[in-house]
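S.K.: Below is the file run-v3.txt, with compact mmCIF, N, CA and C atoms.
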# COMPACT_ATOMS: atom_id res chain seq x y z
N MET A 1 29.75 -13.24 -2.87
CA MET A 1 28.81 -13.67 -1.84
C MET A 1 29.36 -14.95 -1.23
N THR A 2 29.33 -15.03 0.08
CA THR A 2 29.84 -16.21 0.77
C THR A 2 28.85 -17.35 0.66
N ILE A 3 29.32 -18.56 0.93
CA ILE A 3 28.45 -19.74 0.90
C ILE A 3 27.34 -19.60 1.93
N ALA A 4 27.66 -19.10 3.12
CA ALA A 4 26.63 -18.91 4.15
C ALA A 4 25.56 -17.94 3.68
N ALA A 5 25.96 -16.88 2.99
CA ALA A 5 24.98 -15.90 2.50
C ALA A 5 24.09 -16.53 1.43
N LYS A 6 24.68 -17.35 0.54
CA LYS A 6 23.89 -18.01 -0.49
C LYS A 6 22.87 -18.96 0.10
N GLU A 7 23.22 -19.63 1.19
CA GLU A 7 22.29 -20.55 1.83
C GLU A 7 21.07 -19.83 2.37
N HIS A 8 21.23 -18.56 2.76
CA HIS A 8 20.12 -17.81 3.34
C HIS A 8 19.45 -16.88 2.33
N GLU A 9 19.94 -16.89 1.09
CA GLU A 9 19.36 -16.04 0.07
C GLU A 9 17.95 -16.53 -0.27
N SER A 10 17.02 -15.62 -0.31
CA SER A 10 15.62 -15.96 -0.61
C SER A 10 15.41 -15.96 -2.11
N SER A 11 14.62 -16.92 -2.58
CA SER A 11 14.26 -16.91 -3.99
C SER A 11 13.32 -15.75 -4.29
N ALA A 12 12.70 -15.18 -3.26
CA ALA A 12 11.78 -14.07 -3.44
C ALA A 12 12.47 -12.86 -4.04
N THR A 13 13.76 -12.68 -3.77
CA THR A 13 14.46 -11.52 -4.29
C THR A 13 14.72 -11.63 -5.78
N LYS A 14 14.45 -12.76 -6.38
CA LYS A 14 14.70 -12.95 -7.81
C LYS A 14 13.46 -12.71 -8.66
N ARG A 15 12.31 -12.48 -8.04
CA ARG A 15 11.08 -12.22 -8.78
C ARG A 15 10.97 -10.72 -9.07
N PRO A 16 10.32 -10.37 -10.19
CA PRO A 16 10.14 -8.95 -10.49
C PRO A 16 9.30 -8.28 -9.41
N MET A 17 9.73 -7.10 -8.99
CA MET A 17 8.99 -6.36 -7.98
C MET A 17 9.34 -4.89 -8.09
N LEU A 18 8.52 -4.04 -7.49
CA LEU A 18 8.83 -2.62 -7.40
C LEU A 18 9.74 -2.43 -6.21
N ALA A 19 10.98 -2.14 -6.46
CA ALA A 19 11.98 -2.06 -5.40
C ALA A 19 11.77 -0.83 -4.53
N ASN A 20 12.20 -0.95 -3.29
CA ASN A 20 12.22 0.18 -2.37
C ASN A 20 13.49 0.97 -2.63
N SER A 21 13.35 2.12 -3.28
CA SER A 21 14.53 2.97 -3.48
C SER A 21 14.10 4.42 -3.30
N GLY A 22 14.98 5.19 -2.74
CA GLY A 22 14.67 6.59 -2.48
C GLY A 22 13.92 6.76 -1.17
N ALA A 23 13.58 7.99 -0.88
CA ALA A 23 12.84 8.31 0.34
C ALA A 23 11.44 7.70 0.28
N MET A 24 10.95 7.21 1.41
CA MET A 24 9.63 6.58 1.44
C MET A 24 8.55 7.53 0.92
N SER A 25 8.67 8.81 1.22
CA SER A 25 7.65 9.77 0.79
C SER A 25 7.57 9.91 -0.73
N THR A 26 8.56 9.36 -1.45
CA THR A 26 8.55 9.43 -2.91
C THR A 26 8.04 8.14 -3.56
N PHE A 27 7.65 7.17 -2.76
CA PHE A 27 7.18 5.89 -3.32
C PHE A 27 6.00 6.08 -4.26
N VAL A 28 5.09 6.96 -3.91
CA VAL A 28 3.94 7.28 -4.76
C VAL A 28 4.01 8.78 -5.02
N GLY A 29 4.01 9.15 -6.27
CA GLY A 29 4.03 10.57 -6.59
C GLY A 29 2.71 11.24 -6.23
N ALA A 30 2.73 12.55 -6.10
CA ALA A 30 1.50 13.29 -5.84
C ALA A 30 0.51 12.99 -6.96
N PHE A 31 -0.77 12.90 -6.59
CA PHE A 31 -1.79 12.60 -7.59
C PHE A 31 -3.08 13.32 -7.24
N THR A 32 -3.95 13.46 -8.23
CA THR A 32 -5.25 14.08 -8.01
C THR A 32 -6.32 13.03 -8.25
N VAL A 33 -7.44 13.21 -7.57
CA VAL A 33 -8.60 12.34 -7.73
C VAL A 33 -9.80 13.25 -7.92
N THR A 34 -10.61 12.95 -8.92
CA THR A 34 -11.83 13.71 -9.16
C THR A 34 -13.02 12.89 -8.72
N SER A 35 -13.87 13.49 -7.90
CA SER A 35 -15.08 12.83 -7.44
C SER A 35 -16.01 12.56 -8.62
N LYS A 36 -16.51 11.34 -8.71
CA LYS A 36 -17.49 10.99 -9.74
C LYS A 36 -18.85 11.61 -9.43
N LEU A 37 -19.05 11.99 -8.19
CA LEU A 37 -20.35 12.52 -7.76
C LEU A 37 -20.47 14.02 -7.95
N THR A 38 -19.42 14.77 -7.61
CA THR A 38 -19.51 16.23 -7.64
C THR A 38 -18.49 16.91 -8.54
N GLY A 39 -17.48 16.16 -8.98
CA GLY A 39 -16.43 16.77 -9.77
C GLY A 39 -15.35 17.44 -8.95
N GLN A 40 -15.46 17.40 -7.62
CA GLN A 40 -14.43 17.99 -6.77
C GLN A 40 -13.11 17.28 -7.01
N VAL A 41 -12.05 18.05 -7.05
CA VAL A 41 -10.72 17.50 -7.27
C VAL A 41 -9.96 17.50 -5.95
N TYR A 42 -9.42 16.35 -5.58
CA TYR A 42 -8.64 16.18 -4.36
C TYR A 42 -7.17 16.06 -4.72
N GLU A 43 -6.34 16.79 -4.01
CA GLU A 43 -4.88 16.72 -4.17
C GLU A 43 -4.34 15.76 -3.12
N CYS A 44 -3.64 14.71 -3.55
CA CYS A 44 -3.19 13.66 -2.64
C CYS A 44 -1.67 13.53 -2.69
N ARG A 45 -1.12 13.26 -1.52
CA ARG A 45 0.33 13.06 -1.40
C ARG A 45 0.60 11.96 -0.37
N PHE A 46 1.39 10.97 -0.75
CA PHE A 46 1.78 9.89 0.15
C PHE A 46 2.86 10.41 1.09
N SER A 47 2.78 9.99 2.37
CA SER A 47 3.78 10.41 3.35
C SER A 47 4.67 9.25 3.77
N HIS A 48 4.09 8.24 4.44
CA HIS A 48 4.90 7.12 4.92
C HIS A 48 4.00 5.96 5.36
N MET A 49 4.62 4.88 5.82
CA MET A 49 3.89 3.71 6.29
C MET A 49 4.56 3.15 7.53
N TRP A 50 3.78 2.35 8.27
CA TRP A 50 4.29 1.73 9.49
C TRP A 50 3.41 0.54 9.83
N ASN A 51 3.87 -0.25 10.77
CA ASN A 51 3.12 -1.42 11.23
C ASN A 51 2.03 -0.97 12.19
N GLY A 52 0.77 -1.25 11.86
CA GLY A 52 -0.36 -0.79 12.66
C GLY A 52 -0.42 -1.37 14.05
N ILE A 53 0.20 -2.53 14.29
CA ILE A 53 0.15 -3.14 15.61
C ILE A 53 0.83 -2.23 16.63
N ALA A 54 1.81 -1.47 16.19
CA ALA A 54 2.58 -0.64 17.11
C ALA A 54 1.79 0.56 17.63
N THR A 55 0.90 1.11 16.82
CA THR A 55 0.22 2.34 17.21
C THR A 55 -1.25 2.18 17.54
N ARG A 56 -1.93 1.23 16.90
CA ARG A 56 -3.36 1.10 17.17
C ARG A 56 -3.79 -0.35 17.40
N HIS A 57 -2.82 -1.21 17.61
CA HIS A 57 -3.07 -2.62 17.93
C HIS A 57 -3.94 -3.29 16.87
N ALA A 58 -3.68 -2.96 15.61
CA ALA A 58 -4.41 -3.54 14.48
C ALA A 58 -3.45 -4.38 13.66
N ASP A 59 -3.94 -5.45 13.09
CA ASP A 59 -3.12 -6.33 12.26
C ASP A 59 -3.10 -5.76 10.84
N THR A 60 -2.48 -4.59 10.73
CA THR A 60 -2.46 -3.87 9.46
C THR A 60 -1.08 -3.28 9.20
N ILE A 61 -0.88 -2.93 7.94
CA ILE A 61 0.20 -2.04 7.56
C ILE A 61 -0.49 -0.71 7.28
N ASP A 62 -0.16 0.30 8.07
CA ASP A 62 -0.81 1.60 7.94
C ASP A 62 0.00 2.53 7.05
N THR A 63 -0.70 3.26 6.21
CA THR A 63 -0.08 4.23 5.31
C THR A 63 -0.73 5.59 5.54
N LYS A 64 0.07 6.63 5.45
CA LYS A 64 -0.48 7.98 5.64
C LYS A 64 -0.40 8.75 4.33
N PHE A 65 -1.52 9.37 4.02
CA PHE A 65 -1.62 10.26 2.86
C PHE A 65 -2.15 11.60 3.35
N TYR A 66 -1.77 12.64 2.64
CA TYR A 66 -2.36 13.96 2.86
C TYR A 66 -3.30 14.24 1.69
N VAL A 67 -4.56 14.51 2.03
CA VAL A 67 -5.57 14.84 1.03
C VAL A 67 -5.95 16.30 1.27
N ASP A 68 -5.64 17.13 0.31
CA ASP A 68 -5.84 18.57 0.47
C ASP A 68 -5.23 19.06 1.78
N GLY A 69 -4.07 18.53 2.12
CA GLY A 69 -3.32 18.96 3.29
C GLY A 69 -3.74 18.33 4.61
N VAL A 70 -4.77 17.48 4.60
CA VAL A 70 -5.27 16.84 5.82
C VAL A 70 -4.85 15.37 5.83
N ALA A 71 -4.34 14.89 6.96
CA ALA A 71 -3.83 13.52 7.07
C ALA A 71 -4.97 12.50 7.06
N HIS A 72 -4.76 11.41 6.32
CA HIS A 72 -5.68 10.26 6.27
C HIS A 72 -4.83 9.00 6.33
N VAL A 73 -5.30 8.01 7.08
CA VAL A 73 -4.58 6.74 7.22
C VAL A 73 -5.36 5.65 6.48
N VAL A 74 -4.64 4.87 5.71
CA VAL A 74 -5.20 3.71 5.02
C VAL A 74 -4.50 2.48 5.59
N GLY A 75 -5.25 1.64 6.31
CA GLY A 75 -4.70 0.44 6.94
C GLY A 75 -4.99 -0.79 6.09
N LEU A 76 -3.94 -1.45 5.63
CA LEU A 76 -4.07 -2.64 4.78
C LEU A 76 -4.00 -3.90 5.64
N ALA A 77 -4.97 -4.79 5.50
CA ALA A 77 -5.02 -6.02 6.29
C ALA A 77 -3.77 -6.87 6.06
N HIS A 78 -3.05 -7.14 7.13
CA HIS A 78 -1.81 -7.91 7.05
C HIS A 78 -2.06 -9.34 6.56
N THR A 79 -3.22 -9.88 6.84
CA THR A 79 -3.51 -11.26 6.41
C THR A 79 -3.43 -11.40 4.90
N ALA A 80 -3.74 -10.34 4.16
CA ALA A 80 -3.65 -10.38 2.70
C ALA A 80 -2.19 -10.47 2.24
N PHE A 81 -1.29 -9.88 3.02
CA PHE A 81 0.13 -9.95 2.69
C PHE A 81 0.61 -11.40 2.81
N VAL A 82 0.12 -12.09 3.83
CA VAL A 82 0.49 -13.50 4.04
C VAL A 82 -0.05 -14.34 2.88
N THR A 83 -1.30 -14.10 2.49
CA THR A 83 -1.88 -14.83 1.36
C THR A 83 -1.08 -14.58 0.09
N PHE A 84 -0.70 -13.32 -0.15
CA PHE A 84 0.10 -12.98 -1.33
C PHE A 84 1.42 -13.75 -1.31
N ARG A 85 2.09 -13.77 -0.16
CA ARG A 85 3.36 -14.49 -0.05
C ARG A 85 3.17 -15.98 -0.32
N ASP A 86 2.10 -16.57 0.22
CA ASP A 86 1.83 -17.99 0.00
C ASP A 86 1.59 -18.29 -1.48
N ARG A 87 0.94 -17.38 -2.18
CA ARG A 87 0.63 -17.57 -3.60
C ARG A 87 1.82 -17.34 -4.51
N THR A 88 2.66 -16.38 -4.15
CA THR A 88 3.72 -15.95 -5.08
C THR A 88 5.12 -16.35 -4.66
N GLY A 89 5.31 -16.67 -3.39
CA GLY A 89 6.64 -17.01 -2.92
C GLY A 89 7.50 -15.80 -2.59
N ARG A 90 6.90 -14.63 -2.52
CA ARG A 90 7.66 -13.42 -2.16
C ARG A 90 6.77 -12.48 -1.36
N ASP A 91 7.41 -11.57 -0.65
CA ASP A 91 6.69 -10.55 0.11
C ASP A 91 6.44 -9.34 -0.78
N LEU A 92 5.41 -8.59 -0.46
CA LEU A 92 5.20 -7.30 -1.10
C LEU A 92 6.26 -6.32 -0.60
N THR A 93 6.75 -5.47 -1.47
CA THR A 93 7.68 -4.43 -1.03
C THR A 93 6.87 -3.28 -0.42
N ASP A 94 7.55 -2.43 0.32
CA ASP A 94 6.88 -1.25 0.87
C ASP A 94 6.30 -0.39 -0.26
N ARG A 95 7.05 -0.26 -1.32
CA ARG A 95 6.58 0.55 -2.47
C ARG A 95 5.29 -0.05 -3.04
N GLU A 96 5.25 -1.37 -3.19
CA GLU A 96 4.03 -2.01 -3.71
C GLU A 96 2.85 -1.79 -2.76
N CYS A 97 3.10 -1.88 -1.47
CA CYS A 97 2.04 -1.63 -0.48
C CYS A 97 1.52 -0.21 -0.60
N SER A 98 2.41 0.74 -0.82
CA SER A 98 1.97 2.13 -0.95
C SER A 98 1.11 2.32 -2.19
N PHE A 99 1.40 1.59 -3.27
CA PHE A 99 0.57 1.65 -4.48
C PHE A 99 -0.82 1.09 -4.21
N VAL A 100 -0.89 -0.01 -3.45
CA VAL A 100 -2.18 -0.62 -3.11
C VAL A 100 -3.01 0.37 -2.30
N ALA A 101 -2.39 0.98 -1.30
CA ALA A 101 -3.10 1.95 -0.46
C ALA A 101 -3.56 3.16 -1.27
N ALA A 102 -2.72 3.63 -2.18
CA ALA A 102 -3.08 4.78 -3.02
C ALA A 102 -4.27 4.45 -3.90
N GLU A 103 -4.31 3.25 -4.43
CA GLU A 103 -5.42 2.85 -5.28
C GLU A 103 -6.72 2.78 -4.48
N PHE A 104 -6.65 2.26 -3.26
CA PHE A 104 -7.84 2.21 -2.41
C PHE A 104 -8.33 3.63 -2.10
N LEU A 105 -7.40 4.50 -1.74
CA LEU A 105 -7.77 5.88 -1.44
C LEU A 105 -8.41 6.53 -2.66
N ARG A 106 -7.86 6.28 -3.83
CA ARG A 106 -8.42 6.83 -5.07
C ARG A 106 -9.88 6.37 -5.24
N GLU A 107 -10.13 5.09 -5.04
CA GLU A 107 -11.50 4.56 -5.16
C GLU A 107 -12.45 5.27 -4.20
N ARG A 108 -12.02 5.43 -2.96
CA ARG A 108 -12.89 6.03 -1.94
C ARG A 108 -13.17 7.50 -2.26
N LEU A 109 -12.14 8.23 -2.67
CA LEU A 109 -12.33 9.65 -2.96
C LEU A 109 -13.20 9.87 -4.19
N GLU A 110 -13.10 8.97 -5.16
CA GLU A 110 -13.98 9.07 -6.33
C GLU A 110 -15.45 8.99 -5.92
N GLU A 111 -15.72 8.30 -4.83
CA GLU A 111 -17.08 8.15 -4.31
C GLU A 111 -17.39 9.15 -3.18
N GLU A 112 -16.47 10.07 -2.94
CA GLU A 112 -16.58 11.07 -1.86
C GLU A 112 -16.72 10.43 -0.48
N ASP A 113 -16.10 9.29 -0.30
CA ASP A 113 -16.06 8.62 1.00
C ASP A 113 -14.80 9.13 1.70
N ILE A 114 -14.94 10.20 2.45
CA ILE A 114 -13.80 10.86 3.06
C ILE A 114 -13.86 10.64 4.57
N ARG A 115 -12.79 10.04 5.10
CA ARG A 115 -12.71 9.81 6.54
C ARG A 115 -11.24 9.80 6.96
N PRO A 116 -10.96 9.97 8.23
CA PRO A 116 -9.56 10.02 8.67
C PRO A 116 -8.88 8.65 8.67
N LEU A 117 -9.65 7.57 8.79
CA LEU A 117 -9.06 6.22 8.84
C LEU A 117 -9.89 5.27 7.99
N TYR A 118 -9.21 4.59 7.08
CA TYR A 118 -9.82 3.56 6.26
C TYR A 118 -9.17 2.23 6.63
N ASP A 119 -9.97 1.21 6.89
CA ASP A 119 -9.43 -0.14 7.06
C ASP A 119 -9.77 -0.93 5.80
N VAL A 120 -8.75 -1.44 5.14
CA VAL A 120 -8.93 -2.18 3.90
C VAL A 120 -8.86 -3.66 4.24
N PHE A 121 -9.96 -4.36 4.01
CA PHE A 121 -10.07 -5.76 4.40
C PHE A 121 -9.29 -6.67 3.46
N HIS A 122 -9.03 -7.87 3.94
CA HIS A 122 -8.24 -8.90 3.25
C HIS A 122 -8.59 -9.01 1.77
N ASP A 123 -9.86 -9.25 1.46
CA ASP A 123 -10.26 -9.48 0.06
C ASP A 123 -10.06 -8.23 -0.80
N ASP A 124 -10.28 -7.06 -0.22
CA ASP A 124 -10.05 -5.82 -0.98
C ASP A 124 -8.57 -5.61 -1.28
N VAL A 125 -7.71 -5.93 -0.33
CA VAL A 125 -6.26 -5.81 -0.57
C VAL A 125 -5.86 -6.72 -1.72
N LEU A 126 -6.32 -7.97 -1.70
CA LEU A 126 -5.98 -8.91 -2.78
C LEU A 126 -6.56 -8.45 -4.12
N ARG A 127 -7.77 -7.91 -4.10
CA ARG A 127 -8.38 -7.40 -5.34
C ARG A 127 -7.55 -6.26 -5.92
N LEU A 128 -7.09 -5.36 -5.07
CA LEU A 128 -6.29 -4.23 -5.53
C LEU A 128 -4.92 -4.67 -6.03
N ILE A 129 -4.31 -5.65 -5.37
CA ILE A 129 -3.02 -6.18 -5.83
C ILE A 129 -3.17 -6.70 -7.26
N GLU A 130 -4.25 -7.44 -7.48
CA GLU A 130 -4.50 -7.99 -8.83
C GLU A 130 -4.81 -6.88 -9.83
N ALA A 131 -5.63 -5.92 -9.43
CA ALA A 131 -6.01 -4.83 -10.34
C ALA A 131 -4.80 -4.01 -10.77
N ILE A 132 -3.87 -3.80 -9.85
CA ILE A 132 -2.66 -3.04 -10.16
C ILE A 132 -1.71 -3.85 -11.02
N GLY A 133 -1.80 -5.17 -10.92
CA GLY A 133 -0.94 -6.04 -11.72
C GLY A 133 0.31 -6.49 -11.01
N ILE A 134 0.30 -6.45 -9.68
CA ILE A 134 1.45 -6.91 -8.92
C ILE A 134 1.44 -8.43 -8.92
N LYS A 135 2.56 -9.02 -9.27
CA LYS A 135 2.65 -10.49 -9.36
C LYS A 135 3.68 -11.01 -8.39
Using the file provided, produce a representation of the structure as structure tokens.

M.R.:
Amino acid sequence: MTIAAKEHESSATKRPMLANSGAMSTFVGAFTVTSKLTGQVYECRFSHMWNGIATRHADTIDTKFYVDGVAHVVGLAHTAFVTFRDRTGRDLTDRECSFVAAEFLRERLEEEDIRPLYDVFHDDVLRLIEAIGIK
């Protein structure tokens, strides 16, 4: 590594994290969720993520999941990502973001809250990061 590269190296890359490796669609494996209300079982598959500002002018990171073959978007509040970085000194990886979105979707489906678009607010994103154990 050159001296110039070392000067620009982030300390964030030295903290433990879930690395982005492989195809984005493999970041979260297929999973099932059982409704606590009716016992219905939902088959879920993660597809991909993108910056919400580009498509719907929202300050979110949007993730797409297929639930029983139907597309659903989970938008994570970007402000929570900034708070996480300020607290930890590193950014969330795409893989970590996909885990947060999957956990939110799991919570909603357990309650049979099914909709095409979920917006996950700042405090909920931080709560899920902590619940999952991302540091």

S.K.: Point out the residue among A:Lys36, A:His72, A:Arg45, A:His78 with the least atom-to-atom distance to Phe121 (chain A), counting only N, CA and C atoms.

M.R.: A:His78

S.K.: Just give me the gap between atom C of Ile53 (chain A) and CA of Asp119 (chain A) in Å, one decimal is fine.

M.R.: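 Between atom C of Ile53 (chain A) and CA of Asp119 (chain A) the gap works out to 14.2 Å.
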
S.K.: How many Å lie between CA of Asp68 (chain A) and CA of Phe81 (chain A), rounded to one decimal?

M.R.: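 Straight-line distance from CA of Asp68 (chain A) to CA of Phe81 (chain A) works out to 29.2 Å.
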
S.K.: For CA of Ala80 (chain A) and atom N of Ile132 (chain A), quote the distance in Å rounded to one decimal.

M.R.: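 Going from CA of Ala80 (chain A) over to atom N of Ile132 (chain A), I get 14.2 Å.
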
S.K.: My list of candidates is A:Phe104, A:Phe46, A:Phe84, A:Phe27. Which is closest to Lys64 (chain A) when distances are computed with all atoms listed in the file?

M.R.: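 Closest to Lys64 (chain A), using all atoms listed in the file: A:Phe46.
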
S.K.: For His48 (chain A), list every protein, DNA or RNA residue within 6.5 Å, evaluated using only N, CA and C atoms, and leave out those in the same chain fewer than 6 positions away; present the list as a ChimeraX atom specification.

M.R.: /A:24-25,62-65

S.K.: Please enclose the listed atoms of region 104-118 of chain A in an axis-aligned box, pad each side by 6 Å, and write out the centre and the three edge lengths in Å, rounded to one decimal, as AutoDock Vina command-line options.

M.R.:
--center_x -12.0 --center_y 6.6 --center_z 1.3 --size_x 22.7 --size_y 20.9 --size_z 27.2
